[in-house]
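Okay, work.txt now, which holds compact mmCIF, C-alpha atoms:
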```txt
# COMPACT_ATOMS: atom_id res chain seq x y z
CA MET A 957 -93.32 90.26 3.88
CA THR A 958 -94.44 87.92 6.59
CA ASP A 959 -93.36 88.20 10.19
CA LEU A 960 -90.30 86.33 11.34
CA ASP A 961 -90.95 83.00 13.04
CA PHE A 962 -89.38 83.81 16.41
CA THR A 963 -90.39 80.42 17.79
CA GLU A 964 -88.26 78.71 15.15
CA ILE A 965 -85.44 81.21 15.65
CA GLY A 966 -85.52 80.50 19.38
CA GLU A 967 -85.43 76.76 18.75
CA LYS A 968 -82.36 77.18 16.53
CA ILE A 969 -80.64 79.24 19.22
CA LYS A 970 -81.41 76.55 21.79
CA LYS A 971 -80.20 73.77 19.49
CA ARG A 972 -76.91 75.57 18.81
CA ARG A 973 -76.43 76.41 22.49
CA LYS A 974 -76.97 72.80 23.52
CA ALA A 975 -74.70 71.49 20.76
CA LEU A 976 -71.92 73.62 22.23
CA GLY A 977 -72.76 72.65 25.82
CA VAL A 978 -73.40 76.27 26.77
CA THR A 979 -75.89 77.31 29.46
CA GLN A 980 -78.61 79.92 29.23
CA GLU A 981 -76.83 81.71 32.05
CA TYR A 982 -73.67 82.01 29.91
CA ILE A 983 -75.68 83.65 27.12
CA ALA A 984 -77.52 85.87 29.61
CA ASN A 985 -74.23 87.07 31.10
CA GLY A 986 -72.94 87.91 27.63
CA LEU A 987 -76.06 89.97 26.93
CA ASP A 988 -76.26 91.40 30.45
CA VAL A 989 -79.80 90.10 30.90
CA ASN A 990 -81.54 87.60 33.18
CA SER A 991 -81.33 83.93 32.15
CA SER A 992 -85.14 83.79 32.12
CA HIS A 993 -85.02 86.24 29.20
CA ILE A 994 -82.90 83.76 27.24
CA SER A 995 -85.40 81.03 28.09
CA ASN A 996 -88.20 83.26 26.78
CA ILE A 997 -86.27 83.87 23.54
CA GLU A 998 -85.66 80.15 23.08
CA CYS A 999 -89.35 79.37 23.65
CA GLY A 1000 -90.54 82.15 21.34
CA ARG A 1001 -92.17 84.16 24.13
CA SER A 1002 -89.75 87.09 23.59
CA ASN A 1003 -88.42 88.44 20.33
CA PRO A 1004 -84.72 89.26 20.39
CA SER A 1005 -83.52 92.50 18.84
CA LEU A 1006 -81.06 92.40 15.96
CA THR A 1007 -78.35 93.52 18.39
CA ALA A 1008 -79.21 90.64 20.74
CA LEU A 1009 -79.19 88.16 17.84
CA VAL A 1010 -75.74 89.32 16.79
CA LYS A 1011 -74.45 89.02 20.36
CA ILE A 1012 -75.97 85.56 20.72
CA ALA A 1013 -74.43 84.46 17.42
CA ASN A 1014 -71.04 85.75 18.54
CA LEU A 1015 -71.33 83.92 21.86
CA LEU A 1016 -72.33 80.73 20.05
CA THR A 1017 -69.56 81.15 17.43
CA CYS A 1018 -71.85 81.21 14.41
CA SER A 1019 -73.47 83.74 12.11
CA VAL A 1020 -76.92 85.26 12.58
CA ASP A 1021 -77.84 83.44 9.38
CA CYS A 1022 -77.62 80.23 11.39
CA PHE A 1023 -80.79 81.40 13.17
CA ILE A 1024 -82.64 83.35 10.49
CA GLY A 1025 -81.46 81.72 7.25
CA GLY A 1026 -84.74 79.85 6.84
CA GLU A 1027 -86.68 83.12 6.93
CA TYR A 1028 -85.52 84.26 3.48
CA THR A 1029 -88.07 83.92 0.70
CA TYR A 1030 -85.61 84.71 -2.11
CA ARG A 1031 -83.69 81.70 -3.37
CA PRO A 1032 -81.03 81.88 -6.10
CA GLU A 1033 -81.55 79.51 -9.02
CA SER A 1034 -78.77 77.25 -7.74
CA GLU A 1035 -80.68 76.68 -4.48
CA LYS A 1036 -83.97 76.12 -6.27
CA ASP A 1037 -82.36 73.25 -8.13
CA GLY A 1038 -81.60 71.50 -4.85
CA ASN A 1039 -77.99 72.52 -4.38
CA VAL A 1040 -76.53 69.70 -2.30
CA ASP A 1041 -73.68 71.88 -1.01
CA ASN A 1042 -76.12 74.26 0.67
CA TYR A 1043 -78.06 71.36 2.14
CA ILE A 1044 -74.89 69.90 3.63
CA MET A 1045 -73.81 73.28 5.03
CA GLU A 1046 -77.24 73.76 6.62
CA LYS A 1047 -76.91 70.42 8.39
CA LEU A 1048 -73.36 71.20 9.57
CA LYS A 1049 -74.33 74.50 11.20
CA PHE A 1050 -75.49 72.81 14.38
CA CYS A 1051 -72.71 70.25 14.70
CA ASP A 1052 -70.06 70.75 17.33
CA LEU A 1053 -66.38 70.79 16.37
CA GLU A 1054 -65.82 67.09 17.18
CA LYS A 1055 -68.68 66.00 14.92
CA LYS A 1056 -67.37 68.23 12.13
CA LYS A 1057 -63.92 66.63 12.44
CA LYS A 1058 -65.45 63.15 12.21
CA ILE A 1059 -67.50 64.14 9.18
CA LEU A 1060 -64.39 65.57 7.52
CA LYS A 1061 -62.57 62.25 8.06
CA ILE A 1062 -65.48 60.40 6.46
CA ILE A 1063 -65.44 62.77 3.49
CA ASP A 1064 -61.69 62.25 3.10
CA LEU A 1065 -62.27 58.49 2.99
CA LEU A 1066 -64.73 58.89 0.12
```

Spit out the file's structure as structure tokens when you get a sec.
Amino acid sequence: MTDLDFTEIGEKIKKRRKALGVTQEYIANGLDVNSSHISNIECGRSNPSLTALVKIANLLTCSVDCFIGGEYTYRPESEKDGNVDNYIMEKLKFCDLEKKKKILKIIDLL
């Protein structure tokens, strides 16, 4: 097994946080840490614990898989074949609620 790419995980946390319009201070308060620690996680300078990842995911109303899903090396056959549903879901993870509503309207029009 290779090490987790904490720089990429931090970038995903930052992207989700910004999509929701949430500050680093909000996340830091939820974890009872200094906001500079959240900055370090987002930049890949600090590695969050599993407990911290779960708390961050809860604060950002998503699953931990939103941050670490790309780290899996196992792929079911359906994903290996280029499952479009999974690709769409991956893209939607970082959309805020308003964007998701707009996308749903577009899908309904199709």

Checklist line | Distance criterion (only C-alpha atoms): nearest to A:Lys968 out of A:Glu981, A:Asp1064, A:Asp1041, A:Asp1021 | finding: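 Counting only C-alpha atoms, the residue closest to A:Lys968 is A:Asp1021.
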
Notebook entry, point to check: Hey, can you check how far atom CA of A:Arg1001 sits from atom CA of A:Phe962?
Noted result: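 Going from atom CA of A:Arg1001 over to atom CA of A:Phe962, I get 8.2 Å.
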
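Within 9 Å of A:Ala975, once all atoms listed in the file are used and residues closer than 4 positions along the same chain are dropped, the contacting residues are Lys970, Lys971, Phe1050, Cys1051 and Asp1052 of chain A.
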
Next item on the list: Quick one: pull the distance between atom CA of A:Leu1048 and atom CA of A:Ser995, Å, one decimal.
Entry: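 Pair atom CA of A:Leu1048 / atom CA of A:Ser995 returns 24.2 Å.
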
Next item on the list: Between atom CA of A:Lys1047 and atom CA of A:Ser992, measure the distance and give it in Å to one decimal.
Entry: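 Spanning atom CA of A:Lys1047 to atom CA of A:Ser992 is a straight-line distance of 28.5 Å.
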
Item checked: Which residue of A:Gln980, A:Asn985, A:Asn990, A:Ser1002 approaches A:Asp961 most closely, using only C-alpha atoms -> A:Ser1002

Next item on the list: Would you mind telling me which residue in A:Ala984, A:Leu1066, A:Lys1049, A:Tyr1043 lies nearest to A:Ser1019 when using only C-alpha atoms?
Entry: A:Lys1049
